[in-house]
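Report on the structure given below.
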Amino acid sequence: MSDNTGDKIKKTLSLSKGSEVKKIVDAGQVRQSFSHGRSKTVTVEVKRRRSSAKVELAEPERALKVPPLETGVVAENPSLSPKTSRTLGGLTEKEWDARKQAVQGAVKAELERTKRVEDLAHQEAERRSTEETRRKIDEDLEAALVREHKARNKEIVDEPILEGAPSKHVSSTHLSPRDAPLEDHGDDDTADNDDTKKAKNDSRKSLSSHPRRDDLQRREGRLTLQQALVAKDNDNETGRMRSAAALKRAREKERLRHAQETTEAKRNVREVIIPEVITIQELANRMAVRGADIVKSLMKMGMMVTITQHIDGDTAELVVTEFGHQPKRVSEADVEIGLQGVEDAPELLRPRPPVVTVMGHVDHGKTSLLDALRSTDKAGSEAGGITQHIGAYQVELKSGQKISFIDTPGHAAFTEMRARGANVTDIVILVVAADDGIKAQTIEAINHATAAKVPIVVAINKIDHPEAKPDKIRQDLLNHGLVVEDLGGDILCVEVSAKQKINLDKLEEIILLQAEILELKANPDRAAQGVVIEAKLEKGRGPVATILVQNGTLKIGNIFIAGSEWGRVRALIDDRGKNVVSAGPSNPVEVLGFNAAPMAGDSFIVVKDETNAREIAEYRKRTMKNIRTSATGRQTLDELLSQSSKGEKKELAVVVKTDVQGSLEAILNSFNKLSTDEVAVRILHSGVGSITESDVVLANASKGMIIGFNVRANPQARELARRDSLPIRYYSIIYDVLDEIKAALSGMLAPTLREKYLGQAEIRQVFNVTKMGKIAGCMVNEGVVKRGARVRLLRDNIVIHEGTLKTLKRFKDEVKEVRESYECGMAFESYQDIREGDTIECFEIEEIARSL
């Protein structure tokens with residue numbers, strides 16, 4: 001080798017002048033100002049942003065050139081044998097297959113990488129577009145804030161911006177040197193540095209025309225309200241603008257407000273059902289909000305509440321409106337909306353039988369008249385020969401027409417029954433005995449029928465009696481406003497005899513004539529509606545009620561509501577004891593299937609389902625409970641003092657059980673009428689059905705008595721009552737019940753005290769006896785003086801003492817009494833101030849029993 005090749009030339013590494021690295025960092029100086037007039041020069045560096053190179057992707061086919069496959073070589077050179085083709089290019093068949101697979105994998109990987117790069121580029125473009133949109137919104141907001149500030153200060157700042165300063169909407173002349181933006185510098189040339197320094201000096205000179213922050217008056221000590229107001233005015237006068245940080249905070253606040261408004265706009269508006277009373281937790285659940293938010297809202301209204309507290313419907317409605325939802329007020333009484341159904345169209349109405357109520361005084365023949373019409377003997381089966389239950393029957397005439405009758409009791413205790421019968425009827429038959437005339441219950445029946453605005457038909461009964469005076473009956477009716485047709489009035493009147501069945505057909509014709517005038521109609525093709533005539537509790541059948549269907553058709557299986565009770569119709573029984581499948585308008589039937597015995601007079605309505613029936617029954621029970629609670633509320637202090645001054649009121653505790661609801665109602669009303677200010681009947685329990693063990697336990701605990709009206713006690717109750725010596729009294733006639741209770745109350749009344757004058761004596765001489773005190777020597781001037789009787793001491797006709805005699809002697813013997821014109825010695829119990837000339841009156845107190 002030559003020396004030239006063997007010599008190693010050592011070269012020193014250096015940068016040529018042409019390839020000298022340029023500076024990418026520019027340096028500059030900025031003067032910073034501090035408080036108390038101090039300043040400091042700071043050297044800053046501004047780095048230039050490097051430009052990012054664009055990524056150019058080569059095509060996969062151009063980057064990787066795949067050599068021709070073996071099959072292609074063989075095709076072009078058919079003269080090659082298979083053996084020669086396997087070693088073409090120095091590669092075997094397996095090597096060619098491996099290269100083929102490697103090339104295909106590389107192409108696939110390159111395609112996937114290209115796709116990922118494109119996705120990243122697309123995402124970067126979207127991000128830049130979003131940032132650009134946000135930047136534009138921020139610039140618009142910033143410009144709006146600047147315009148608002150300029151309008152508030154009533155001045156427009158328009159000064160040139162220094163070259164090289166950042167382009168912002170806020171003029172840099174309004175920023176202090178501390179807040180001034182850093183300036184960019186060019187290359188490290190001397191001229192550029194001089195220009196930059198000159199621009200800085202010019203900027204400082206332009207800024208010197210505005211007061212610096214350090215030159216403003218600084219506050220000392222605690223800031224007062226007046227100082228704050230003065231400082232605000234000074235800032236407005238000096239034209240200070242909001243700092244970049246304040247603008248940033250304002251933009252963030254505006255963004256959050258906009259986001260909150262968008263969220264509220266997207267919030268679902270709900271229809272919130274608000275009852276009369278609701279808990280805060282339940283209201284929060286219905287609004288789908290937090291309970292704490294509702295509590296905060298109520299606290300803003302001045303209500304300090306907890307999440308479990310109840311609020312009224314009006315307050316809940318305000319809260320729902322404030323949260324942007326739609327309130328819907330409901331009430332517990334809404335469960336009864338639509339219960340009566342819609343009014344029937346005239347074309348759907350069909351004629352129905354009339355409902356006739358028989359009313360009158362007791363023993364005037366009402367039930368006998370019905371028996372004659374029905375060809376039965378109902379009166380003979382009544383206890384005492386008087387009707388004590390309200391009954392409903394239907395009579396089919398020979399012509400095929402039907403009439404429904406309601407029989408009411410005539411006794412004074414059954415006022416409610418008569419009033420109820422008058423309210424559910426179409427026509428009232430007033431039965432008056434021709435031999436007895438108009439009585440108290442007759443007048444009451446007239447008043448009930450007049451109040452119900454029901455037409456009256458007068459039936460003068462017992463015309464076959466020898467002492468019958470029908471003409472006198474017609475004259476007496478005039479005194480009560482009833483003018484019969486015979487006397488020129490419009491009241492229909494017929495003379496009948498229930499016993500001899502006289503003029504019964506005429507009475508039926510009059511009833512049908514009156515019904516034709518009234519044009520009675522109903523719709524049989526709708527759900528049944530009616531009224532409870534009577535209710536009872538039977539062994540083996542449970543609660544049974546007599547229902548008068550007024551509209552629609554009642555069928556087996558119907559679900560119904562009657563007052564505060566509900567049930568399902570299990571059986572329907574007509575007035576003759578036969579099972580029927582359905583009952584139409586004006587048809588009285590017995591209904592089985594109640595969950596409990598209803599009250600007589602309750603409305604009976606068929607509902608669509610069991611759930612609706614339960615809701616209505618529970619609502620009515622709550623209402624009745626609230627009424628009872630309010631009626632027996634707490635007594636005021638004045639009422640308690642008034643009762644204590646009158647003395648303690650004595651009460652007779654009783655448990656009343658009857659066979660039917662109507663009898664129970666009559667007995668309870670009669671007990672209330674017997675009560676006075678001194679004595680009263682306290683009902684421990686009342687109901688329909690037999691006497692049970694619980695009734696005996698309750699009566700024994702309250703020291704009361706048990707009254708059974710047409711019912712008996714079961715064996716367990718009888719044994720328990722016998723063991724506790726508790727009286728159980730059975731009755732079948734209401735007269736006997738009232739008479740015995742009246743006697744018991746009379747025995748509880750305090751007796752009347754009456755003074756009985758016995759005699760008078762004059763004191764002639766006063767003796768002092770050892771261990772006895774003063775003894776008055778007296779002369780009996782009038783009547784008799786008895787030992788142990790009460791006496792009064794009179795002095796100058798003025799009573800100075802009243803007491804009892806301690807001793808009465810004649811000579812030295814104790815005597816029981818001393819008569820007129822005899823002398824005696826008397827001494828007072830615990831009293832010694834007696835003088836000669838005083839007068840002694842002797843009297844007794846008698847107790848006279850009182851009665852109601």
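Ordering of the structure tokens sets the chain letters (A, B, ...); residue numbers start at 1 within each chain; ligands are numbered from 1 in the order shown.
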
Asn768 (chain A) surroundings by only C-alpha atoms, 12 Å radius, close-in-sequence under 3 positions cut, as a PyMOL selection string: chain A and resi 765+771-777+825+827+832-835

Neighbours of Arg374 (chain A) within 7 Å (only C-alpha atoms; same-chain residues fewer than 3 positions away dropped), as a ChimeraX atom specification? /A:370-371,395

Which of region 281-486 of chain A end up as helix (DSSP H, G or I) when DSSP is run on this backbone - answer as a PyMOL selection string? chain A and resi 281-287+291-300+313-322+332-336+346-348+366-374+379-381+383-385+412-423+440-451+470-478+485-486

Neighbour list for region 272-283 of chain A as a PyMOL selection string, cut-off 9 Å, only C-alpha atoms, skip fewer than 6 positions in-chain: chain A and resi 289-291+294-295+305-314+316-317+320+325-332

My list of candidates is A:Ala245, A:Leu520, A:Val358, A:Ala666. Which is closest to Ile446 (chain A) when distances are computed with only C-alpha atoms?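 Counting only C-alpha atoms, the residue closest to Ile446 (chain A) is A:Val358.
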
Can you list every residue of region 467-541 of chain A that has an atom at most 12 Å from region 557-565 of chain A, with its nearest atom pair and the distance in Å to one decimal, using only C-alpha atoms, ordered by chain then number, as a tab-separated table?
residue	atom	partner	partner_atom	distance
A:Arg526	CA	A:Asn558	CA	12.0
A:Ala527	CA	A:Asn558	CA	8.8
A:Ala528	CA	A:Phe560	CA	8.9
A:Gln529	CA	A:Phe560	CA	9.2
A:Gly530	CA	A:Ala562	CA	9.2
A:Val531	CA	A:Ala562	CA	8.2
A:Val532	CA	A:Ala562	CA	7.6
A:Ile533	CA	A:Ala562	CA	11.4
A:Glu534	CA	A:Ala562	CA	11.9
A:Ala535	CA	A:Ala562	CA	11.0

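Taking only C-alpha atoms into account, Val780 (chain A) lies nearest to A:Thr839 out of the set A:Thr839, A:Gln394, A:Thr114, A:Asn612.
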
Give me, as a PyMOL selection string, the residues of region 560-787 of chain A that a backbone DSSP run labels strand (DSSP E). chain A and resi 560-562+565-573+579-580+582-583+588-594+603-607+650-658+679-688+705-709+728-731+752-769+773-786

Residue contacts of Pro346 (chain A) (12 Å, only C-alpha atoms) excluding same-chain residues fewer than 2 positions away, as a list in words: Glu343, Asp344, Leu348, Leu349, Arg350, Pro351, Lys521, Ala522 and Asn523 of chain A

Excluding Ile502 (chain A) and residues on its chain fewer than 5 positions from it, collect all residues at most 10 Å away from it, counting only C-alpha atoms, and give them as a PyMOL selection string. chain A and resi 372+461-464+495-497+507

Write out, as a tab-separated table (two decimals), in the first residue's frame, the residues just selected, with C-alpha atoms.
chain	number	residue	atom	x	y	z
A	372	ALA	CA	-154.08	-8.31	53.76
A	461	ASN	CA	-158.50	1.73	58.70
A	462	LYS	CA	-160.80	-0.24	61.02
A	463	ILE	CA	-164.00	1.13	59.49
A	464	ASP	CA	-165.68	-2.10	60.60
A	495	GLU	CA	-161.77	3.80	53.84
A	496	VAL	CA	-160.44	0.27	54.30
A	497	SER	CA	-160.59	-2.65	56.71
A	507	LEU	CA	-156.50	1.27	47.59

Write out as a PyMOL selection string which residues come within 12 Å of region 137-142 of chain A when counting only C-alpha atoms, dropping same-chain ones fewer than 3 positions away. chain A and resi 130-134+145-149+167-170+242-255

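Pairwise distance (CA of Lys649 (chain A), CA of Val679 (chain A)) equals 5.8 Å.
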
Which is closer to Asn503 (chain A) than all the others in A:Ile427, A:Ile667, A:Leu548, A:Leu369, using only C-alpha atoms?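 Smallest separation from Asn503 (chain A) among the options: A:Leu369.
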
Applying 10 Å and only C-alpha atoms, which residues near Asn672 (chain A) remain after dropping the ones on its own chain fewer than 3 positions away? List them as a ChimeraX atom specification. /A:667-669,675-676,680-683

State, in Å with one decimal place, the distance from CA of Met705 (chain A) to CA of Val655 (chain A).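 Calculated distance between CA of Met705 (chain A) and CA of Val655 (chain A) is 6.3 Å.
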
Pairwise distance for CA of Ile734 (chain A) and CA of Asn710 (chain A), rounded to one decimal in Å: 10.0 Å
